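Trainee: The following file, protein-v4.pdb, comprises PDB, N, CA and C atoms:
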MODEL        1
ATOM      1  N   ARG A  14      96.628 101.577 102.226
ATOM      2  CA  ARG A  14      96.319 102.390 101.069
ATOM      3  C   ARG A  14      94.926 102.108 100.521
ATOM      4  N   ILE A  15      94.434 100.871 100.644
ATOM      5  CA  ILE A  15      93.126 100.574 100.081
ATOM      6  C   ILE A  15      92.023 100.476 101.127
ATOM      7  N   ASP A  16      92.368 100.588 102.399
ATOM      8  CA  ASP A  16      91.353 100.422 103.439
ATOM      9  C   ASP A  16      90.197 101.394 103.295
ATOM     10  N   HIS A  17      90.467 102.615 102.828
ATOM     11  CA  HIS A  17      89.387 103.589 102.689
ATOM     12  C   HIS A  17      88.311 103.100 101.732
ATOM     13  N   LEU A  18      88.660 102.263 100.784
ATOM     14  CA  LEU A  18      87.700 101.780  99.806
ATOM     15  C   LEU A  18      86.613 100.936 100.451
ATOM     16  N   PHE A  19      86.954 100.278 101.524
ATOM     17  CA  PHE A  19      86.032  99.337 102.126
ATOM     18  C   PHE A  19      85.184  99.952 103.236
ATOM     19  N   SER A  20      85.422 101.210 103.551
ATOM     20  CA  SER A  20      84.634 101.820 104.625
ATOM     21  C   SER A  20      84.114 103.195 104.246
ATOM     22  N   SER A  21      84.285 103.590 102.986
ATOM     23  CA  SER A  21      83.814 104.904 102.571
ATOM     24  C   SER A  21      83.056 104.780 101.270
ATOM     25  N   PRO A  22      82.431 105.862 100.829
ATOM     26  CA  PRO A  22      81.682 105.816  99.574
ATOM     27  C   PRO A  22      82.561 105.853  98.325
ATOM     28  N   ALA A  23      83.862 105.631  98.443
ATOM     29  CA  ALA A  23      84.752 105.740  97.282
ATOM     30  C   ALA A  23      84.294 104.850  96.138
ATOM     31  N   LEU A  24      83.989 103.595  96.415
ATOM     32  CA  LEU A  24      83.553 102.704  95.348
ATOM     33  C   LEU A  24      82.138 103.052  94.906
ATOM     34  N   ALA A  25      81.307 103.485  95.823
ATOM     35  CA  ALA A  25      79.931 103.827  95.470
ATOM     36  C   ALA A  25      79.889 104.937  94.428
ATOM     37  N   ARG A  26      80.890 105.831  94.445
ATOM     38  CA  ARG A  26      80.939 106.893  93.444
ATOM     39  C   ARG A  26      81.310 106.335  92.081
ATOM     40  N   GLY A  27      81.888 105.128  92.072
ATOM     41  CA  GLY A  27      82.277 104.505  90.807
ATOM     42  C   GLY A  27      81.127 103.701  90.243
ATOM     43  N   ARG A  28      81.194 102.377  90.399
ATOM     44  CA  ARG A  28      80.193 101.516  89.798
ATOM     45  C   ARG A  28      79.539 100.598  90.820
ATOM     46  N   CYS A  29      79.326 101.037  92.006
ATOM     47  CA  CYS A  29      78.669 100.211  93.010
ATOM     48  C   CYS A  29      77.191 100.589  93.013
ATOM     49  N   PRO A  30      76.362  99.941  92.173
ATOM     50  CA  PRO A  30      74.996 100.387  91.970
ATOM     51  C   PRO A  30      74.123 100.329  93.207
ATOM     52  N   LYS A  31      74.467  99.482  94.156
ATOM     53  CA  LYS A  31      73.635  99.369  95.342
ATOM     54  C   LYS A  31      74.029 100.365  96.426
ATOM     55  N   GLY A  32      74.985 101.241  96.121
ATOM     56  CA  GLY A  32      75.422 102.219  97.121
ATOM     57  C   GLY A  32      76.132 101.496  98.241
ATOM     58  N   GLY A  33      75.811 101.804  99.444
ATOM     59  CA  GLY A  33      76.324 101.065 100.576
ATOM     60  C   GLY A  33      77.705 101.448 101.048
ATOM     61  N   GLY A  34      78.417 102.267 100.310
ATOM     62  CA  GLY A  34      79.692 102.776 100.795
ATOM     63  C   GLY A  34      80.812 101.774 100.851
ATOM     64  N   GLY A  35      80.847 100.793  99.980
ATOM     65  CA  GLY A  35      81.954  99.861  99.952
ATOM     66  C   GLY A  35      81.507  98.453 100.258
ATOM     67  N   PHE A  36      82.460  97.628 100.682
ATOM     68  CA  PHE A  36      82.189  96.222 100.941
ATOM     69  C   PHE A  36      81.977  95.952 102.420
ATOM     70  N   PRO A  37      81.111  94.986 102.738
ATOM     71  CA  PRO A  37      81.032  94.489 104.117
ATOM     72  C   PRO A  37      82.364  93.823 104.478
ATOM     73  N   PRO A  38      82.624  93.624 105.747
ATOM     74  CA  PRO A  38      83.932  93.128 106.181
ATOM     75  C   PRO A  38      84.421  91.850 105.498
ATOM     76  N   ALA A  39      83.603  90.827 105.401
ATOM     77  CA  ALA A  39      84.069  89.562 104.819
ATOM     78  C   ALA A  39      84.381  89.718 103.334
ATOM     79  N   GLU A  40      83.514  90.429 102.609
ATOM     80  CA  GLU A  40      83.786  90.672 101.192
ATOM     81  C   GLU A  40      85.036  91.534 101.036
ATOM     82  N   GLY A  41      85.196  92.506 101.901
ATOM     83  CA  GLY A  41      86.366  93.376 101.850
ATOM     84  C   GLY A  41      87.656  92.610 102.045
ATOM     85  N   ARG A  42      87.653  91.661 102.971
ATOM     86  CA  ARG A  42      88.856  90.844 103.188
ATOM     87  C   ARG A  42      89.187  90.034 101.936
ATOM     88  N   LEU A  43      88.158  89.481 101.305
ATOM     89  CA  LEU A  43      88.383  88.710 100.084
ATOM     90  C   LEU A  43      88.934  89.605  98.977
ATOM     91  N   VAL A  44      88.336  90.758  98.772
ATOM     92  CA  VAL A  44      88.796  91.654  97.706
ATOM     93  C   VAL A  44      90.218  92.130  97.978
ATOM     94  N   ARG A  45      90.525  92.471  99.229
ATOM     95  CA  ARG A  45      91.902  92.860  99.572
ATOM     96  C   ARG A  45      92.883  91.745  99.232
ATOM     97  N   ALA A  46      92.516  90.516  99.568
ATOM     98  CA  ALA A  46      93.387  89.375  99.282
ATOM     99  C   ALA A  46      93.591  89.214  97.779
ATOM    100  N   LEU A  47      92.509  89.318  97.012
ATOM    101  CA  LEU A  47      92.618  89.192  95.558
ATOM    102  C   LEU A  47      93.512  90.289  94.986
ATOM    103  N   LEU A  48      93.370  91.501  95.503
ATOM    104  CA  LEU A  48      94.204  92.610  95.042
ATOM    105  C   LEU A  48      95.680  92.379  95.343
ATOM    106  N   SER A  49      95.957  91.672  96.418
ATOM    107  CA  SER A  49      97.353  91.442  96.789
ATOM    108  C   SER A  49      97.940  90.207  96.108
ATOM    109  N   GLY A  50      97.142  89.539  95.261
ATOM    110  CA  GLY A  50      97.657  88.404  94.509
ATOM    111  C   GLY A  50      97.332  87.039  95.080
ATOM    112  N   VAL A  51      96.602  87.001  96.174
ATOM    113  CA  VAL A  51      96.185  85.730  96.754
ATOM    114  C   VAL A  51      95.047  85.172  95.902
ATOM    115  N   THR A  52      95.078  83.885  95.607
ATOM    116  CA  THR A  52      93.988  83.295  94.840
ATOM    117  C   THR A  52      92.777  83.067  95.753
ATOM    118  N   ALA A  53      91.616  82.924  95.139
ATOM    119  CA  ALA A  53      90.405  82.695  95.924
ATOM    120  C   ALA A  53      90.511  81.416  96.764
ATOM    121  N   PRO A  54      90.978  80.289  96.202
ATOM    122  CA  PRO A  54      91.127  79.090  97.035
ATOM    123  C   PRO A  54      92.131  79.266  98.180
ATOM    124  N   GLU A  55      93.222  79.988  97.918
ATOM    125  CA  GLU A  55      94.200  80.251  98.992
ATOM    126  C   GLU A  55      93.537  81.056 100.110
ATOM    127  N   PHE A  56      92.739  82.054  99.732
ATOM    128  CA  PHE A  56      92.027  82.861 100.725
ATOM    129  C   PHE A  56      91.110  81.966 101.549
ATOM    130  N   ALA A  57      90.336  81.120 100.892
ATOM    131  CA  ALA A  57      89.391  80.246 101.593
ATOM    132  C   ALA A  57      90.108  79.361 102.612
ATOM    133  N   ARG A  58      91.228  78.773 102.194
ATOM    134  CA  ARG A  58      91.992  77.927 103.126
ATOM    135  C   ARG A  58      92.549  78.742 104.284
ATOM    136  N   ALA A  59      93.063  79.930 103.978
ATOM    137  CA  ALA A  59      93.698  80.751 105.013
ATOM    138  C   ALA A  59      92.713  81.205 106.079
ATOM    139  N   VAL A  60      91.502  81.528 105.673
ATOM    140  CA  VAL A  60      90.531  82.040 106.652
ATOM    141  C   VAL A  60      89.548  80.971 107.109
ATOM    142  N   GLY A  61      89.635  79.784 106.523
ATOM    143  CA  GLY A  61      88.808  78.674 106.973
ATOM    144  C   GLY A  61      87.360  78.739 106.539
ATOM    145  N   VAL A  62      87.121  79.201 105.298
ATOM    146  CA  VAL A  62      85.746  79.197 104.795
ATOM    147  C   VAL A  62      85.588  78.088 103.770
ATOM    148  N   THR A  63      84.372  77.615 103.627
ATOM    149  CA  THR A  63      84.085  76.546 102.674
ATOM    150  C   THR A  63      84.052  77.095 101.254
ATOM    151  N   PRO A  64      84.178  76.213 100.270
ATOM    152  CA  PRO A  64      84.051  76.662  98.883
ATOM    153  C   PRO A  64      82.718  77.364  98.610
ATOM    154  N   ASN A  65      81.645  76.893  99.235
ATOM    155  CA  ASN A  65      80.342  77.540  99.039
ATOM    156  C   ASN A  65      80.344  78.965  99.588
ATOM    157  N   THR A  66      80.932  79.165 100.754
ATOM    158  CA  THR A  66      81.017  80.500 101.329
ATOM    159  C   THR A  66      81.873  81.403 100.455
ATOM    160  N   LEU A  67      82.968  80.859  99.956
ATOM    161  CA  LEU A  67      83.833  81.617  99.062
ATOM    162  C   LEU A  67      83.052  82.070  97.831
ATOM    163  N   ARG A  68      82.315  81.152  97.216
ATOM    164  CA  ARG A  68      81.519  81.502  96.031
ATOM    165  C   ARG A  68      80.501  82.582  96.357
ATOM    166  N   THR A  69      79.892  82.480  97.529
ATOM    167  CA  THR A  69      78.901  83.480  97.934
ATOM    168  C   THR A  69      79.549  84.848  98.102
ATOM    169  N   LEU A  70      80.685  84.903  98.793
ATOM    170  CA  LEU A  70      81.384  86.182  98.989
ATOM    171  C   LEU A  70      81.775  86.805  97.660
ATOM    172  N   LEU A  71      82.328  85.984  96.777
ATOM    173  CA  LEU A  71      82.757  86.481  95.478
ATOM    174  C   LEU A  71      81.561  86.942  94.647
ATOM    175  N   SER A  72      80.495  86.174  94.657
ATOM    176  CA  SER A  72      79.285  86.550  93.918
ATOM    177  C   SER A  72      78.707  87.865  94.426
ATOM    178  N   ARG A  73      78.671  88.029  95.733
ATOM    179  CA  ARG A  73      78.122  89.269  96.304
ATOM    180  C   ARG A  73      79.003  90.468  95.982
ATOM    181  N   ALA A  74      80.323  90.292  96.042
ATOM    182  CA  ALA A  74      81.231  91.394  95.710
ATOM    183  C   ALA A  74      81.078  91.781  94.244
ATOM    184  N   MET A  75      80.928  90.790  93.379
ATOM    185  CA  MET A  75      80.748  91.090  91.951
ATOM    186  C   MET A  75      79.385  91.740  91.703
ATOM    187  N   ALA A  76      78.349  91.294  92.380
ATOM    188  CA  ALA A  76      77.032  91.918  92.223
ATOM    189  C   ALA A  76      77.059  93.361  92.721
ATOM    190  N   ARG A  77      77.747  93.583  93.830
ATOM    191  CA  ARG A  77      77.835  94.919  94.417
ATOM    192  C   ARG A  77      78.535  95.906  93.473
ATOM    193  N   THR A  78      79.457  95.401  92.663
ATOM    194  CA  THR A  78      80.228  96.259  91.765
ATOM    195  C   THR A  78      79.766  96.148  90.310
ATOM    196  N   ASP A  79      78.745  95.354  90.090
ATOM    197  CA  ASP A  79      78.208  95.159  88.739
ATOM    198  C   ASP A  79      79.287  94.598  87.804
ATOM    199  N   THR A  80      80.072  93.661  88.314
ATOM    200  CA  THR A  80      81.078  92.986  87.493
ATOM    201  C   THR A  80      80.650  91.541  87.309
ATOM    202  N   ARG A  81      81.192  90.910  86.292
ATOM    203  CA  ARG A  81      80.785  89.542  85.976
ATOM    204  C   ARG A  81      81.918  88.521  86.109
ATOM    205  N   SER A  82      83.084  88.968  86.501
ATOM    206  CA  SER A  82      84.188  88.028  86.682
ATOM    207  C   SER A  82      85.103  88.534  87.794
ATOM    208  N   GLN A  83      85.896  87.614  88.306
ATOM    209  CA  GLN A  83      86.862  87.964  89.347
ATOM    210  C   GLN A  83      87.887  88.956  88.803
ATOM    211  N   VAL A  84      88.305  88.754  87.563
ATOM    212  CA  VAL A  84      89.278  89.662  86.946
ATOM    213  C   VAL A  84      88.694  91.068  86.847
ATOM    214  N   ALA A  85      87.443  91.176  86.384
ATOM    215  CA  ALA A  85      86.806  92.489  86.253
ATOM    216  C   ALA A  85      86.675  93.164  87.621
ATOM    217  N   LEU A  86      86.357  92.391  88.642
ATOM    218  CA  LEU A  86      86.245  92.935  90.001
ATOM    219  C   LEU A  86      87.576  93.525  90.458
ATOM    220  N   VAL A  87      88.653  92.758  90.291
ATOM    221  CA  VAL A  87      89.971  93.222  90.726
ATOM    222  C   VAL A  87      90.399  94.455  89.932
ATOM    223  N   LEU A  88      90.188  94.439  88.630
ATOM    224  CA  LEU A  88      90.567  95.595  87.808
ATOM    225  C   LEU A  88      89.766  96.835  88.188
ATOM    226  N   LEU A  89      88.470  96.668  88.444
ATOM    227  CA  LEU A  89      87.629  97.802  88.835
ATOM    228  C   LEU A  89      88.106  98.408  90.153
ATOM    229  N   VAL A  90      88.318  97.573  91.144
ATOM    230  CA  VAL A  90      88.731  98.076  92.452
ATOM    231  C   VAL A  90      90.130  98.692  92.367
ATOM    232  N   ALA A  91      91.035  98.037  91.658
ATOM    233  CA  ALA A  91      92.377  98.598  91.505
ATOM    234  C   ALA A  91      92.302  99.965  90.834
ATOM    235  N   GLY A  92      91.477 100.080  89.817
ATOM    236  CA  GLY A  92      91.315 101.364  89.136
ATOM    237  C   GLY A  92      90.695 102.418  90.032
ATOM    238  N   ALA A  93      89.752 102.015  90.883
ATOM    239  CA  ALA A  93      89.075 102.960  91.776
ATOM    240  C   ALA A  93      90.029 103.536  92.814
ATOM    241  N   ILE A  94      91.070 102.790  93.149
ATOM    242  CA  ILE A  94      92.017 103.275  94.151
ATOM    243  C   ILE A  94      93.301 103.781  93.519
ATOM    244  N   GLY A  95      93.329 103.804  92.184
ATOM    245  CA  GLY A  95      94.511 104.303  91.505
ATOM    246  C   GLY A  95      95.659 103.321  91.517
ATOM    247  N   GLY A  96      95.351 102.050  91.673
ATOM    248  CA  GLY A  96      96.406 101.048  91.732
ATOM    249  C   GLY A  96      96.751 100.485  90.375
ATOM    250  N   THR A  97      97.769  99.694  90.342
ATOM    251  CA  THR A  97      98.212  99.028  89.123
ATOM    252  C   THR A  97      98.298  97.540  89.403
ATOM    253  N   ILE A  98      97.804  96.755  88.479
ATOM    254  CA  ILE A  98      97.896  95.306  88.594
ATOM    255  C   ILE A  98      99.130  94.862  87.825
ATOM    256  N   VAL A  99     100.037  94.178  88.499
ATOM    257  CA  VAL A  99     101.254  93.675  87.864
ATOM    258  C   VAL A  99     101.139  92.165  87.829
ATOM    259  N   PRO A 100     101.073  91.578  86.615
ATOM    260  CA  PRO A 100     100.938  90.123  86.535
ATOM    261  C   PRO A 100     102.167  89.415  87.103
ATOM    262  N   THR A 101     101.928  88.301  87.731
ATOM    263  CA  THR A 101     103.034  87.507  88.251
ATOM    264  C   THR A 101     103.335  86.408  87.248
ATOM    265  N   PRO A 102     104.591  86.024  87.137
ATOM    266  CA  PRO A 102     104.964  84.978  86.156
ATOM    267  C   PRO A 102     104.413  83.628  86.521
TER     268      PRO A 102
ENDMDL
END
What's the structure tokens form of this structure?
Mentor:
Amino acid sequence: RIDHLFSSPALARGRCPKGGGGFPPAEGRLVRALLSGVTAPEFARAVGVTPNTLRTLLSRAMARTDTRSQVALVLLVAGAIGGTIVPTP
């Protein structure tokens, strides 16, 4: 359901100031994981990236969407795809 966001201009029509038609593959995997409720550290462990790489991916995704926090990034992307964020207990 969200794959189109990462390979089409869907996000660029929203608030992706640099254009580019979505996220590059590594950033897209991170954003997909965050949308599905995986934490950033869990993602890093699962895919075998260092904390520095994780910070870089997250920083680039936030810069690409003009957001300043992980929460804002997830809410923006969820809104762009018509999704709903349901908090977990």
Trainee: Could you tell me, as a short mmCIF file (atom, residue, chain, number, x, y, z; two decimals) with N, CA and C atoms, in the frame of the given file, exactly which residues end up selected when the PyMOL selection byres ((chain A and resi 38-53) around 6.5) is applied to this structure?
Mentor:
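Written file, part.cif:
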data_model
loop_
_atom_site.label_atom_id
_atom_site.label_comp_id
_atom_site.auth_asym_id
_atom_site.auth_seq_id
_atom_site.Cartn_x
_atom_site.Cartn_y
_atom_site.Cartn_z
N PHE A 19 86.95 100.28 101.52
CA PHE A 19 86.03 99.34 102.13
C PHE A 19 85.18 99.95 103.24
N PHE A 36 82.46 97.63 100.68
CA PHE A 36 82.19 96.22 100.94
C PHE A 36 81.98 95.95 102.42
N PRO A 37 81.11 94.99 102.74
CA PRO A 37 81.03 94.49 104.12
C PRO A 37 82.36 93.82 104.48
N PRO A 54 90.98 80.29 96.20
CA PRO A 54 91.13 79.09 97.04
C PRO A 54 92.13 79.27 98.18
N GLU A 55 93.22 79.99 97.92
CA GLU A 55 94.20 80.25 98.99
C GLU A 55 93.54 81.06 100.11
N PHE A 56 92.74 82.05 99.73
CA PHE A 56 92.03 82.86 100.72
C PHE A 56 91.11 81.97 101.55
N ALA A 57 90.34 81.12 100.89
CA ALA A 57 89.39 80.25 101.59
C ALA A 57 90.11 79.36 102.61
N ARG A 58 91.23 78.77 102.19
CA ARG A 58 91.99 77.93 103.13
C ARG A 58 92.55 78.74 104.28
N LEU A 70 80.68 84.90 98.79
CA LEU A 70 81.38 86.18 98.99
C LEU A 70 81.78 86.80 97.66
N ALA A 74 80.32 90.29 96.04
CA ALA A 74 81.23 91.39 95.71
C ALA A 74 81.08 91.78 94.24
N VAL A 87 88.65 92.76 90.29
CA VAL A 87 89.97 93.22 90.73
C VAL A 87 90.40 94.46 89.93
#
Trainee: Can you measure atom N of Ala93 of chain A to atom N of Thr66 of chain A for me? One decimal in Å is fine.
Mentor: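 It comes out at 26.4 Å.
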Trainee: Rounded to one decimal, what separation in Å do you get between atom C of Ala76 of chain A and atom C of Ala91 of chain A?
Mentor: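 Atom-to-atom, atom C of Ala76 of chain A and atom C of Ala91 of chain A are spaced 16.7 Å apart.
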Trainee: May I ask for the distance between atom CA of Asp79 of chain A and atom CA of Pro64 of chain A, given in Å to one decimal place?
Mentor: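 If I compute the distance from atom CA of Asp79 of chain A to atom CA of Pro64 of chain A, I get 21.9 Å.
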Trainee: Write a file for segment 66-93 of chain A of the given structure; include N, CA, C and O atoms and format it as a compact mmCIF listing (two decimals), in the first residue's frame.
Mentor:
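Just written: part_4.txt:
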# COMPACT_ATOMS: atom_id res chain seq x y z
N THR A 66 25.12 5.41 10.77
CA THR A 66 24.40 5.26 9.52
C THR A 66 22.91 5.49 9.73
O THR A 66 22.25 6.16 8.92
N LEU A 67 22.39 4.97 10.82
CA LEU A 67 20.98 5.18 11.15
C LEU A 67 20.69 6.67 11.27
O LEU A 67 19.71 7.17 10.71
N ARG A 68 21.52 7.39 12.01
CA ARG A 68 21.32 8.84 12.17
C ARG A 68 21.36 9.55 10.82
O ARG A 68 20.57 10.45 10.56
N THR A 69 22.28 9.12 9.97
CA THR A 69 22.39 9.74 8.64
C THR A 69 21.13 9.49 7.82
O THR A 69 20.59 10.41 7.21
N LEU A 70 20.65 8.25 7.80
CA LEU A 70 19.43 7.93 7.04
C LEU A 70 18.25 8.73 7.54
O LEU A 70 17.47 9.28 6.77
N LEU A 71 18.10 8.78 8.86
CA LEU A 71 16.99 9.51 9.45
C LEU A 71 17.10 11.01 9.17
O LEU A 71 16.12 11.66 8.80
N SER A 72 18.29 11.55 9.30
CA SER A 72 18.51 12.97 9.02
C SER A 72 18.19 13.31 7.57
O SER A 72 17.57 14.34 7.28
N ARG A 73 18.62 12.46 6.66
CA ARG A 73 18.36 12.72 5.23
C ARG A 73 16.87 12.61 4.91
O ARG A 73 16.35 13.41 4.12
N ALA A 74 16.18 11.64 5.50
CA ALA A 74 14.74 11.50 5.26
C ALA A 74 14.00 12.71 5.81
O ALA A 74 13.07 13.23 5.17
N MET A 75 14.42 13.20 6.97
CA MET A 75 13.77 14.38 7.54
C MET A 75 14.09 15.63 6.71
O MET A 75 13.20 16.46 6.48
N ALA A 76 15.31 15.76 6.23
CA ALA A 76 15.66 16.90 5.39
C ALA A 76 14.87 16.87 4.08
O ALA A 76 14.38 17.90 3.59
N ARG A 77 14.72 15.68 3.52
CA ARG A 77 14.00 15.51 2.26
C ARG A 77 12.53 15.92 2.39
O ARG A 77 11.92 16.39 1.44
N THR A 78 11.97 15.74 3.58
CA THR A 78 10.56 16.04 3.80
C THR A 78 10.35 17.34 4.58
O THR A 78 9.21 17.68 4.91
N ASP A 79 11.43 18.01 4.88
CA ASP A 79 11.37 19.27 5.63
C ASP A 79 10.70 19.06 6.99
O ASP A 79 9.87 19.87 7.41
N THR A 80 11.04 17.96 7.64
CA THR A 80 10.53 17.70 8.99
C THR A 80 11.70 17.79 9.96
O THR A 80 12.86 17.67 9.57
N ARG A 81 11.38 17.99 11.22
CA ARG A 81 12.43 18.18 12.22
C ARG A 81 12.45 17.08 13.29
O ARG A 81 13.26 17.14 14.21
N SER A 82 11.57 16.12 13.18
CA SER A 82 11.58 15.03 14.16
C SER A 82 11.11 13.75 13.48
O SER A 82 10.44 13.78 12.44
N GLN A 83 11.43 12.64 14.13
CA GLN A 83 10.99 11.34 13.62
C GLN A 83 9.47 11.25 13.63
O GLN A 83 8.86 10.72 12.70
N VAL A 84 8.85 11.78 14.68
CA VAL A 84 7.39 11.76 14.77
C VAL A 84 6.78 12.54 13.62
O VAL A 84 5.84 12.08 12.96
N ALA A 85 7.31 13.74 13.34
CA ALA A 85 6.78 14.56 12.25
C ALA A 85 6.95 13.85 10.91
O ALA A 85 6.05 13.91 10.05
N LEU A 86 8.07 13.18 10.72
CA LEU A 86 8.31 12.43 9.48
C LEU A 86 7.26 11.34 9.30
O LEU A 86 6.63 11.23 8.24
N VAL A 87 7.03 10.55 10.35
CA VAL A 87 6.06 9.45 10.26
C VAL A 87 4.65 10.00 10.02
O VAL A 87 3.91 9.48 9.19
N LEU A 88 4.28 11.05 10.73
CA LEU A 88 2.94 11.62 10.55
C LEU A 88 2.76 12.18 9.15
O LEU A 88 1.70 12.01 8.53
N LEU A 89 3.79 12.85 8.62
CA LEU A 89 3.71 13.40 7.27
C LEU A 89 3.53 12.30 6.23
O LEU A 89 2.64 12.37 5.37
N VAL A 90 4.34 11.27 6.31
CA VAL A 90 4.26 10.19 5.33
C VAL A 90 2.94 9.44 5.47
O VAL A 90 2.28 9.13 4.47
N ALA A 91 2.53 9.17 6.70
CA ALA A 91 1.25 8.49 6.91
C ALA A 91 0.11 9.32 6.31
O ALA A 91 -0.78 8.78 5.65
N GLY A 92 0.16 10.62 6.53
CA GLY A 92 -0.87 11.49 5.97
C GLY A 92 -0.84 11.53 4.45
O GLY A 92 -1.87 11.57 3.79
N ALA A 93 0.36 11.49 3.87
CA ALA A 93 0.51 11.54 2.41
C ALA A 93 -0.07 10.29 1.75
O ALA A 93 -0.51 10.35 0.60
